file input-v1.pdb (PDB, C-alpha atoms)
ATOM      1  CA  MET E   1       8.679  16.007 -17.124
ATOM      2  CA  TYR E   2      12.198  16.110 -18.515
ATOM      3  CA  ILE E   3      12.509  13.387 -21.168
ATOM      4  CA  PRO E   4      15.722  12.985 -23.171
ATOM      5  CA  LYS E   5      14.853  11.594 -26.599
ATOM      6  CA  HIS E   6      16.406   8.186 -25.933
ATOM      7  CA  PHE E   7      14.145   7.701 -22.896
ATOM      8  CA  GLU E   8      10.913   8.768 -24.605
ATOM      9  CA  GLU E   9       8.128   6.193 -25.074
ATOM     10  CA  PRO E  10       5.651   7.543 -27.660
ATOM     11  CA  ASP E  11       3.521   4.430 -28.234
ATOM     12  CA  VAL E  12       0.080   5.108 -26.724
ATOM     13  CA  SER E  13      -0.703   1.384 -26.488
ATOM     14  CA  VAL E  14       2.452   0.875 -24.398
ATOM     15  CA  LEU E  15       1.499   3.778 -22.128
ATOM     16  CA  HIS E  16      -2.020   2.390 -21.703
ATOM     17  CA  ALA E  17      -0.562  -1.025 -20.870
ATOM     18  CA  LEU E  18       1.474   0.466 -18.018
ATOM     19  CA  ILE E  19      -1.630   2.234 -16.681
ATOM     20  CA  ARG E  20      -3.524  -1.069 -16.731
ATOM     21  CA  SER E  21      -0.722  -2.971 -14.996
ATOM     22  CA  HIS E  22      -0.053  -0.209 -12.417
ATOM     23  CA  PRO E  23      -3.493   1.422 -12.038
ATOM     24  CA  LEU E  24      -2.946   3.264  -8.742
ATOM     25  CA  GLY E  25      -2.384   6.798 -10.012
ATOM     26  CA  THR E  26      -0.977   9.767  -8.096
ATOM     27  CA  TRP E  27      -3.522  12.460  -8.969
ATOM     28  CA  VAL E  28      -2.275  16.035  -8.602
ATOM     29  CA  VAL E  29      -4.854  18.829  -8.674
ATOM     30  CA  PRO E  30      -4.078  22.570  -8.371
ATOM     31  CA  THR E  31      -6.444  24.391  -5.993
ATOM     32  CA  ARG E  32      -6.631  27.810  -4.369
ATOM     33  CA  GLU E  33      -4.991  26.274  -1.300
ATOM     34  CA  GLY E  34      -2.155  24.749  -3.330
ATOM     35  CA  LEU E  35      -1.528  21.339  -4.877
ATOM     36  CA  VAL E  36      -3.788  18.537  -3.666
ATOM     37  CA  VAL E  37      -2.521  14.980  -4.102
ATOM     38  CA  ASN E  38      -4.647  11.825  -3.973
ATOM     39  CA  HIS E  39      -3.945   8.191  -4.814
ATOM     40  CA  VAL E  40      -6.698   6.684  -6.932
ATOM     41  CA  PRO E  41      -7.018   3.381  -8.853
ATOM     42  CA  PHE E  42      -8.056   4.292 -12.385
ATOM     43  CA  LEU E  43      -9.460   2.428 -15.343
ATOM     44  CA  ILE E  44      -8.395   3.565 -18.825
ATOM     45  CA  ASP E  45     -10.980   3.676 -21.609
ATOM     46  CA  ALA E  46      -8.879   3.690 -24.782
ATOM     47  CA  THR E  47     -11.930   4.215 -26.998
ATOM     48  CA  ARG E  48     -12.750   7.682 -25.685
ATOM     49  CA  GLY E  49     -10.544  10.458 -27.046
ATOM     50  CA  GLU E  50      -7.198  10.509 -28.838
ATOM     51  CA  TYR E  51      -5.306   9.381 -25.730
ATOM     52  CA  GLY E  52      -8.148   7.720 -23.841
ATOM     53  CA  THR E  53     -10.078   8.687 -20.711
ATOM     54  CA  LEU E  54      -9.220   7.872 -17.099
ATOM     55  CA  ILE E  55     -12.126   6.718 -14.937
ATOM     56  CA  GLY E  56     -12.064   6.520 -11.153
ATOM     57  CA  HIS E  57     -13.837   7.566  -7.982
ATOM     58  CA  VAL E  58     -13.162   9.231  -4.648
ATOM     59  CA  ALA E  59     -14.983   9.436  -1.340
ATOM     60  CA  ARG E  60     -17.742  12.025  -1.326
ATOM     61  CA  ALA E  61     -16.135  13.324   1.883
ATOM     62  CA  ASN E  62     -12.925  14.053  -0.053
ATOM     63  CA  PRO E  63     -13.102  17.773  -0.957
ATOM     64  CA  VAL E  64     -10.980  17.306  -4.074
ATOM     65  CA  TRP E  65     -14.022  16.747  -6.302
ATOM     66  CA  LYS E  66     -15.325  20.211  -5.374
ATOM     67  CA  SER E  67     -11.976  21.912  -5.934
ATOM     68  CA  PHE E  68     -11.473  21.663  -9.695
ATOM     69  CA  THR E  69     -13.166  23.550 -12.521
ATOM     70  CA  MET E  70     -13.337  23.161 -16.283
ATOM     71  CA  GLU E  71     -10.371  25.537 -16.457
ATOM     72  CA  SER E  72      -8.067  23.699 -14.046
ATOM     73  CA  ALA E  73      -5.801  21.098 -15.619
ATOM     74  CA  CYS E  74      -4.505  18.207 -13.540
ATOM     75  CA  VAL E  75      -2.071  15.332 -13.944
ATOM     76  CA  VAL E  76      -2.123  11.673 -12.947
ATOM     77  CA  ILE E  77       1.214   9.894 -12.516
ATOM     78  CA  PHE E  78       1.462   6.136 -12.996
ATOM     79  CA  GLN E  79       4.675   4.588 -11.678
ATOM     80  CA  GLY E  80       5.775   1.385 -13.352
ATOM     81  CA  PRO E  81       8.752  -0.890 -12.590
ATOM     82  CA  GLN E  82      11.693   0.920 -10.975
ATOM     83  CA  THR E  83      14.922   0.073  -9.186
ATOM     84  CA  TYR E  84      18.417   1.254  -8.239
ATOM     85  CA  ILE E  85      21.230   0.491 -10.707
ATOM     86  CA  THR E  86      24.777   0.018  -9.444
ATOM     87  CA  PRO E  87      27.707   0.895 -11.756
ATOM     88  CA  SER E  88      29.407  -2.277 -10.520
ATOM     89  CA  TRP E  89      27.335  -4.143 -13.116
ATOM     90  CA  TYR E  90      28.971  -2.218 -15.987
ATOM     91  CA  PRO E  91      31.914  -3.888 -17.751
ATOM     92  CA  THR E  92      33.044  -0.375 -18.768
ATOM     93  CA  LYS E  93      33.471   0.477 -15.064
ATOM     94  CA  GLN E  94      36.197  -2.140 -14.892
ATOM     95  CA  THR E  95      37.880  -0.560 -17.947
ATOM     96  CA  HIS E  96      37.979   3.141 -17.077
ATOM     97  CA  GLY E  97      35.976   3.658 -13.891
ATOM     98  CA  LYS E  98      33.867   6.414 -15.417
ATOM     99  CA  ALA E  99      30.489   5.286 -14.094
ATOM    100  CA  VAL E 100      28.076   6.358 -11.367
ATOM    101  CA  PRO E 101      24.892   4.898  -9.866
ATOM    102  CA  THR E 102      21.504   5.670 -11.385
ATOM    103  CA  TRP E 103      17.848   4.720 -11.150
ATOM    104  CA  ASN E 104      15.892   2.966 -13.897
ATOM    105  CA  TYR E 105      12.136   3.425 -14.120
ATOM    106  CA  ALA E 106       9.082   3.531 -16.361
ATOM    107  CA  VAL E 107       6.502   6.227 -15.721
ATOM    108  CA  VAL E 108       3.436   7.692 -17.448
ATOM    109  CA  HIS E 109       2.013  11.197 -16.962
ATOM    110  CA  ALA E 110      -1.579  11.735 -18.074
ATOM    111  CA  HIS E 111      -2.728  15.373 -18.254
ATOM    112  CA  GLY E 112      -6.311  16.519 -18.590
ATOM    113  CA  THR E 113      -9.230  18.344 -17.021
ATOM    114  CA  ALA E 114     -11.250  16.374 -14.475
ATOM    115  CA  LEU E 115     -15.021  16.036 -14.403
ATOM    116  CA  SER E 116     -17.086  14.768 -11.469
ATOM    117  CA  VAL E 117     -19.937  12.302 -12.004
ATOM    118  CA  ASP E 118     -22.728  11.938  -9.461
ATOM    119  CA  GLU E 119     -25.017   9.352 -11.077
ATOM    120  CA  SER E 120     -25.876   6.083  -9.348
ATOM    121  CA  GLY E 121     -26.058   4.090 -12.609
ATOM    122  CA  TRP E 122     -22.637   5.339 -13.728
ATOM    123  CA  LEU E 123     -21.128   4.637 -10.310
ATOM    124  CA  LEU E 124     -22.547   1.096 -10.147
ATOM    125  CA  LYS E 125     -21.206   0.311 -13.616
ATOM    126  CA  HIS E 126     -17.796   1.750 -12.712
ATOM    127  CA  VAL E 127     -17.292  -0.095  -9.413
ATOM    128  CA  THR E 128     -18.537  -3.296 -11.034
ATOM    129  CA  GLU E 129     -15.984  -2.988 -13.853
ATOM    130  CA  LEU E 130     -13.218  -2.067 -11.400
ATOM    131  CA  SER E 131     -13.979  -4.997  -9.099
ATOM    132  CA  ASP E 132     -14.431  -7.513 -11.919
ATOM    133  CA  LEU E 133     -11.064  -6.511 -13.402
ATOM    134  CA  HIS E 134      -9.078  -6.913 -10.216
ATOM    135  CA  GLU E 135     -10.945 -10.018  -9.045
ATOM    136  CA  SER E 136     -10.568 -11.785 -12.388
ATOM    137  CA  GLU E 137      -7.506 -13.841 -11.401
ATOM    138  CA  ARG E 138      -9.051 -15.218  -8.226
ATOM    139  CA  ALA E 139     -10.382 -18.781  -8.237
ATOM    140  CA  ILE E 140     -13.668 -17.525  -6.758
ATOM    141  CA  PRO E 141     -13.938 -13.844  -7.700
ATOM    142  CA  TRP E 142     -15.839 -11.470  -5.461
ATOM    143  CA  SER E 143     -18.604  -9.564  -7.258
ATOM    144  CA  VAL E 144     -20.537  -6.422  -6.402
ATOM    145  CA  SER E 145     -23.685  -8.559  -6.577
ATOM    146  CA  ASP E 146     -22.365 -10.646  -3.646
ATOM    147  CA  ALA E 147     -23.222  -7.785  -1.277
ATOM    148  CA  PRO E 148     -26.817  -6.857  -0.317
ATOM    149  CA  PRO E 149     -28.300  -4.324  -2.782
ATOM    150  CA  ASP E 150     -29.179  -1.801  -0.070
ATOM    151  CA  TYR E 151     -25.624  -1.966   1.261
ATOM    152  CA  ILE E 152     -24.216  -1.289  -2.216
ATOM    153  CA  ASP E 153     -26.670   1.588  -2.653
ATOM    154  CA  ASN E 154     -25.372   3.166   0.553
ATOM    155  CA  MET E 155     -21.773   2.638  -0.535
ATOM    156  CA  LEU E 156     -22.478   4.309  -3.884
ATOM    157  CA  LYS E 157     -23.953   7.317  -2.100
ATOM    158  CA  ALA E 158     -20.600   7.742  -0.338
ATOM    159  CA  ILE E 159     -18.511   8.158  -3.525
ATOM    160  CA  ILE E 160     -18.207  10.494  -6.496
ATOM    161  CA  GLY E 161     -17.093   9.429  -9.975
ATOM    162  CA  ILE E 162     -14.142  11.066 -11.703
ATOM    163  CA  GLU E 163     -13.480  11.202 -15.451
ATOM    164  CA  ILE E 164     -10.325  12.705 -16.941
ATOM    165  CA  PRO E 165     -10.263  12.899 -20.755
ATOM    166  CA  ILE E 166      -6.516  12.792 -21.468
ATOM    167  CA  SER E 167      -5.237  15.808 -23.410
ATOM    168  CA  THR E 168      -1.533  14.953 -23.139
ATOM    169  CA  LEU E 169      -0.004  11.539 -22.502
ATOM    170  CA  VAL E 170       3.748  11.147 -22.059
ATOM    171  CA  GLY E 171       5.926   8.235 -21.060
ATOM    172  CA  LYS E 172       9.517   7.938 -19.893
ATOM    173  CA  TRP E 173      11.241   4.564 -20.032
ATOM    174  CA  LYS E 174      14.676   5.149 -18.456
ATOM    175  CA  MET E 175      16.097   1.730 -19.184
ATOM    176  CA  SER E 176      19.855   2.140 -19.681
ATOM    177  CA  GLN E 177      19.444   3.242 -23.323
ATOM    178  CA  ASN E 178      22.321   5.702 -22.766
ATOM    179  CA  ARG E 179      24.771   2.921 -21.855
ATOM    180  CA  PRO E 180      26.841   0.715 -24.213
ATOM    181  CA  GLN E 181      25.260  -2.633 -24.977
ATOM    182  CA  SER E 182      27.806  -4.425 -22.775
ATOM    183  CA  ASP E 183      26.664  -2.345 -19.801
ATOM    184  CA  GLN E 184      23.034  -3.041 -20.633
ATOM    185  CA  TRP E 185      23.680  -6.780 -20.601
ATOM    186  CA  GLY E 186      25.677  -6.440 -17.383
ATOM    187  CA  THR E 187      22.751  -4.628 -15.805
ATOM    188  CA  ILE E 188      20.279  -7.273 -16.971
ATOM    189  CA  THR E 189      22.456  -9.999 -15.440
ATOM    190  CA  GLY E 190      22.830  -8.096 -12.179
ATOM    191  CA  LEU E 191      19.103  -7.456 -11.907
ATOM    192  CA  HIS E 192      18.261 -11.122 -12.445
ATOM    193  CA  GLU E 193      20.808 -12.077  -9.778
ATOM    194  CA  ARG E 194      19.177  -9.612  -7.376
ATOM    195  CA  GLY E 195      15.951 -11.495  -8.086
ATOM    196  CA  ASP E 196      13.164  -9.316  -6.673
ATOM    197  CA  SER E 197      10.049  -8.584  -8.731
ATOM    198  CA  ASN E 198      10.915  -4.981  -9.583
ATOM    199  CA  SER E 199      14.425  -5.951 -10.654
ATOM    200  CA  ARG E 200      13.155  -8.739 -12.906
ATOM    201  CA  GLN E 201      10.613  -6.397 -14.508
ATOM    202  CA  VAL E 202      13.237  -3.713 -15.133
ATOM    203  CA  ALA E 203      15.580  -6.334 -16.618
ATOM    204  CA  THR E 204      12.832  -7.314 -19.063
ATOM    205  CA  LEU E 205      12.292  -3.697 -20.102
ATOM    206  CA  ILE E 206      16.031  -3.124 -20.588
ATOM    207  CA  ALA E 207      16.140  -6.192 -22.837
ATOM    208  CA  GLN E 208      13.301  -4.710 -24.898
ATOM    209  CA  HIS E 209      15.320  -1.492 -25.349
ATOM    210  CA  LEU E 210      18.752  -2.965 -26.008
ATOM    211  CA  LYS E 211      20.987  -0.567 -27.895
ATOM    212  CA  LYS E 212      21.865  -1.670 -31.410
ATOM    213  CA  GLU E 213      25.654  -1.660 -31.798
ATOM    214  CA  ASP E 214      27.104  -0.150 -34.974
TER
END
call {"tool": "encode", "arguments": {"input": "input-v1.pdb", "output": "structure tokens"}}
result
Amino acid sequence: MYIPKHFEEPDVSVLHALIRSHPLGTWVVPTREGLVVNHVPFLIDATRGEYGTLIGHVARANPVWKSFTMESACVVIFQGPQTYITPSWYPTKQTHGKAVPTWNYAVVHAHGTALSVDESGWLLKHVTELSDLHESERAIPWSVSDAPPDYIDNMLKAIIGIEIPISTLVGKWKMSQNRPQSDQWGTITGLHERGDSNSRQVATLIAQHLKKED
């Protein structure tokens, strides 16, 4: 991924936070037939490895888990807040007109070598953790134990676990850092006026990366 220095986000804790808040990863695996792309919700275990380990699962019927080897690297892409930016929000556009549209976004790429896990105890623990995490904000959370044990056993037989120890973790926060502070503030104002969730999230991230004026 091309990352100009002013868009680079090196803080691993920040990258992990984006993975947790946007856990549906785009998993790209090279195979003999070409690139295979799947969309998988991952957990991140920050305690395992320098950059953490991604943990997920796929359907046993999905051939992807048979396609990788210990030698084949893969990448998982996590897309955070993103939105179109109009130059009409820039005060400098009114001054000299030298402005064009762009797109602001936050994204994380996690590289590593995938491993498959076919153990019922591991799979039960994983789906329990995954469900508990995403049910936690509900007034009455659903739990794996709510379903009949034999049904869960059959469901577990239909999936394969995936672990990806992360060897390289990179983040790009393209949040108007290349614009003068006046344009950054203009963009923040415009995004809040637009009012949708993505725009509000991007406005918050721009505010966190406001350029310091000399």
call {"tool": "closest_residue", "arguments": {"input": "input-v1.pdb", "among": "E:His57, E:Arg194, E:Lys66, E:His39", "to": "Leu130 in chain E", "atoms": "all atoms listed in the file"}}
result
E:His57
call {"tool": "closest_residue", "arguments": {"input": "input-v1.pdb", "among": "E:Pro148, E:Trp142, E:Lys98, E:Val108", "to": "Val14 in chain E", "atoms": "all atoms listed in the file"}}
result
E:Val108
call {"tool": "residues_around", "arguments": {"input": "input-v1.pdb", "residues": "range 175-183 of chain E", "least_positions_apart": "4", "cutoff": "10 Å", "atoms": "all atoms listed in the file", "output": "NGL selection string"}}
result
:E and (4 or 6-7 or 82 or 85 or 87-93 or 99 or 102-106 or 187-189 or 202-213)
call {"tool": "resolve_selection", "arguments": {"input": "input-v1.pdb", "expression": "the PyMOL selection byres ((chain E and resi 73) around 9)", "output": "list in words"}}
result
Val29, Pro30, Phe68, Thr69, Met70, Glu71, Ser72, Cys74, Val75, His111, Gly112, Thr113 and Ala114 of chain E
call {"tool": "atom_distance", "arguments": {"input": "input-v1.pdb", "atom1": "CA of Gly49 in chain E", "atom2": "CA of Val170 in chain E"}}
result
15.2 Å
call {"tool": "closest_residue", "arguments": {"input": "input-v1.pdb", "among": "E:Asp153, E:Asp196, E:Glu50, E:Asp146", "to": "Gly121 in chain E", "atoms": "all atoms listed in the file"}}
result
E:Asp153
call {"tool": "decode", "arguments": {"input": "input-v1.pdb", "residues": "range 89-213 of chain E", "atoms": "C-alpha atoms", "output": "compact mmCIF listing (two decimals), in the first residue's frame"}}
result
# COMPACT_ATOMS: atom_id res chain seq x y z
CA TRP E 89 -15.35 23.04 1.95
CA TYR E 90 -11.85 24.54 1.62
CA PRO E 91 -11.47 28.26 2.36
CA THR E 92 -8.36 28.19 0.14
CA LYS E 93 -10.58 27.21 -2.81
CA GLN E 94 -12.30 30.56 -2.50
CA THR E 95 -8.88 32.29 -2.51
CA HIS E 96 -7.12 30.71 -5.49
CA GLY E 97 -9.27 27.86 -6.77
CA LYS E 98 -6.42 25.37 -6.66
CA ALA E 99 -8.31 22.46 -5.11
CA VAL E 100 -9.78 19.17 -6.29
CA PRO E 101 -12.01 16.51 -4.72
CA THR E 102 -10.51 13.65 -2.72
CA TRP E 103 -11.47 10.73 -0.51
CA ASN E 104 -10.63 10.45 3.18
CA TYR E 105 -10.33 7.04 4.79
CA ALA E 106 -8.71 4.93 7.49
CA VAL E 107 -7.55 1.45 6.58
CA VAL E 108 -5.43 -1.33 8.09
CA HIS E 109 -3.57 -4.06 6.19
CA ALA E 110 -2.54 -7.12 8.20
CA HIS E 111 -0.08 -9.48 6.48
CA GLY E 112 0.76 -12.98 7.62
CA THR E 113 0.64 -16.69 6.88
CA ALA E 114 -2.66 -18.42 7.61
CA LEU E 115 -3.11 -21.63 9.57
CA SER E 116 -6.25 -23.78 9.64
CA VAL E 117 -7.59 -25.19 12.91
CA ASP E 118 -9.87 -28.22 12.96
CA GLU E 119 -10.44 -28.79 16.69
CA SER E 120 -13.93 -28.77 18.20
CA GLY E 121 -12.77 -27.25 21.52
CA TRP E 122 -10.96 -24.41 19.75
CA LEU E 123 -13.93 -23.77 17.47
CA LEU E 124 -16.43 -23.70 20.36
CA LYS E 125 -14.26 -21.25 22.29
CA HIS E 126 -13.85 -19.06 19.20
CA VAL E 127 -17.53 -18.82 18.21
CA THR E 128 -18.45 -18.24 21.85
CA GLU E 129 -16.00 -15.32 22.11
CA LEU E 130 -17.13 -13.93 18.75
CA SER E 131 -20.82 -14.11 19.66
CA ASP E 132 -20.35 -12.76 23.18
CA LEU E 133 -18.42 -9.77 21.82
CA HIS E 134 -21.00 -8.75 19.25
CA GLU E 135 -24.00 -9.53 21.47
CA SER E 136 -22.61 -7.59 24.42
CA GLU E 137 -24.56 -4.38 23.73
CA ARG E 138 -27.93 -6.10 23.48
CA ALA E 139 -30.31 -5.90 26.44
CA ILE E 140 -30.76 -9.68 26.29
CA PRO E 141 -27.65 -11.07 24.58
CA TRP E 142 -27.88 -14.28 22.60
CA SER E 143 -25.40 -16.95 23.73
CA VAL E 144 -24.08 -20.09 22.09
CA SER E 145 -25.49 -21.99 25.08
CA ASP E 146 -29.01 -20.85 24.08
CA ALA E 147 -28.97 -23.36 21.21
CA PRO E 148 -29.25 -27.15 21.74
CA PRO E 149 -25.80 -28.74 22.25
CA ASP E 150 -26.24 -31.24 19.41
CA TYR E 151 -27.19 -28.42 17.05
CA ILE E 152 -24.06 -26.47 18.00
CA ASP E 153 -21.96 -29.61 17.54
CA ASN E 154 -23.29 -29.97 14.00
CA MET E 155 -22.65 -26.30 13.29
CA LEU E 156 -19.06 -26.63 14.52
CA LYS E 157 -18.51 -29.58 12.20
CA ALA E 158 -19.41 -27.28 9.29
CA ILE E 159 -16.64 -24.71 9.92
CA ILE E 160 -12.85 -24.51 10.01
CA GLY E 161 -10.87 -22.15 12.24
CA ILE E 162 -8.36 -19.70 10.80
CA GLU E 163 -5.41 -18.12 12.62
CA ILE E 164 -3.16 -15.51 11.03
CA PRO E 165 -0.15 -14.46 13.13
CA ILE E 166 0.49 -10.92 11.85
CA SER E 167 3.99 -10.41 10.43
CA THR E 168 3.39 -6.90 9.08
CA LEU E 169 0.75 -4.42 10.21
CA VAL E 170 0.33 -1.09 8.43
CA GLY E 171 -2.23 1.66 8.70
CA LYS E 172 -3.14 4.61 6.51
CA TRP E 173 -5.16 7.46 7.98
CA LYS E 174 -5.82 9.82 5.04
CA MET E 175 -7.44 12.59 7.03
CA SER E 176 -6.62 15.88 5.28
CA GLN E 177 -3.17 16.11 6.91
CA ASN E 178 -1.85 17.54 3.61
CA ARG E 179 -4.25 20.51 3.73
CA PRO E 180 -3.81 23.84 5.59
CA GLN E 181 -5.50 23.94 8.97
CA SER E 182 -8.22 26.26 7.63
CA ASP E 183 -9.16 23.62 5.05
CA GLN E 184 -9.15 20.93 7.72
CA TRP E 185 -11.58 22.92 9.83
CA GLY E 186 -13.70 23.65 6.76
CA THR E 187 -13.84 19.94 6.02
CA ILE E 188 -14.80 19.11 9.61
CA THR E 189 -17.64 21.64 9.45
CA GLY E 190 -18.85 20.33 6.10
CA LEU E 191 -18.80 16.73 7.28
CA HIS E 192 -20.83 17.54 10.39
CA GLU E 193 -23.35 19.41 8.23
CA ARG E 194 -23.63 16.35 5.97
CA GLY E 195 -24.47 14.44 9.14
CA ASP E 196 -24.24 10.75 8.20
CA SER E 197 -22.35 8.30 10.42
CA ASN E 198 -19.31 7.92 8.16
CA SER E 199 -18.98 11.68 7.77
CA ARG E 200 -19.16 12.26 11.52
CA GLN E 201 -16.53 9.58 12.15
CA VAL E 202 -14.18 11.03 9.53
CA ALA E 203 -14.67 14.51 11.01
CA THR E 204 -13.59 13.15 14.40
CA LEU E 205 -10.46 11.58 12.91
CA ILE E 206 -9.55 14.79 11.05
CA ALA E 207 -9.85 16.69 14.34
CA GLN E 208 -7.45 14.20 15.93
CA HIS E 209 -4.92 14.86 13.15
CA LEU E 210 -5.23 18.63 12.88
CA LYS E 211 -2.14 20.21 11.37
CA LYS E 212 -0.16 22.38 13.76
CA GLU E 213 0.31 25.82 12.19
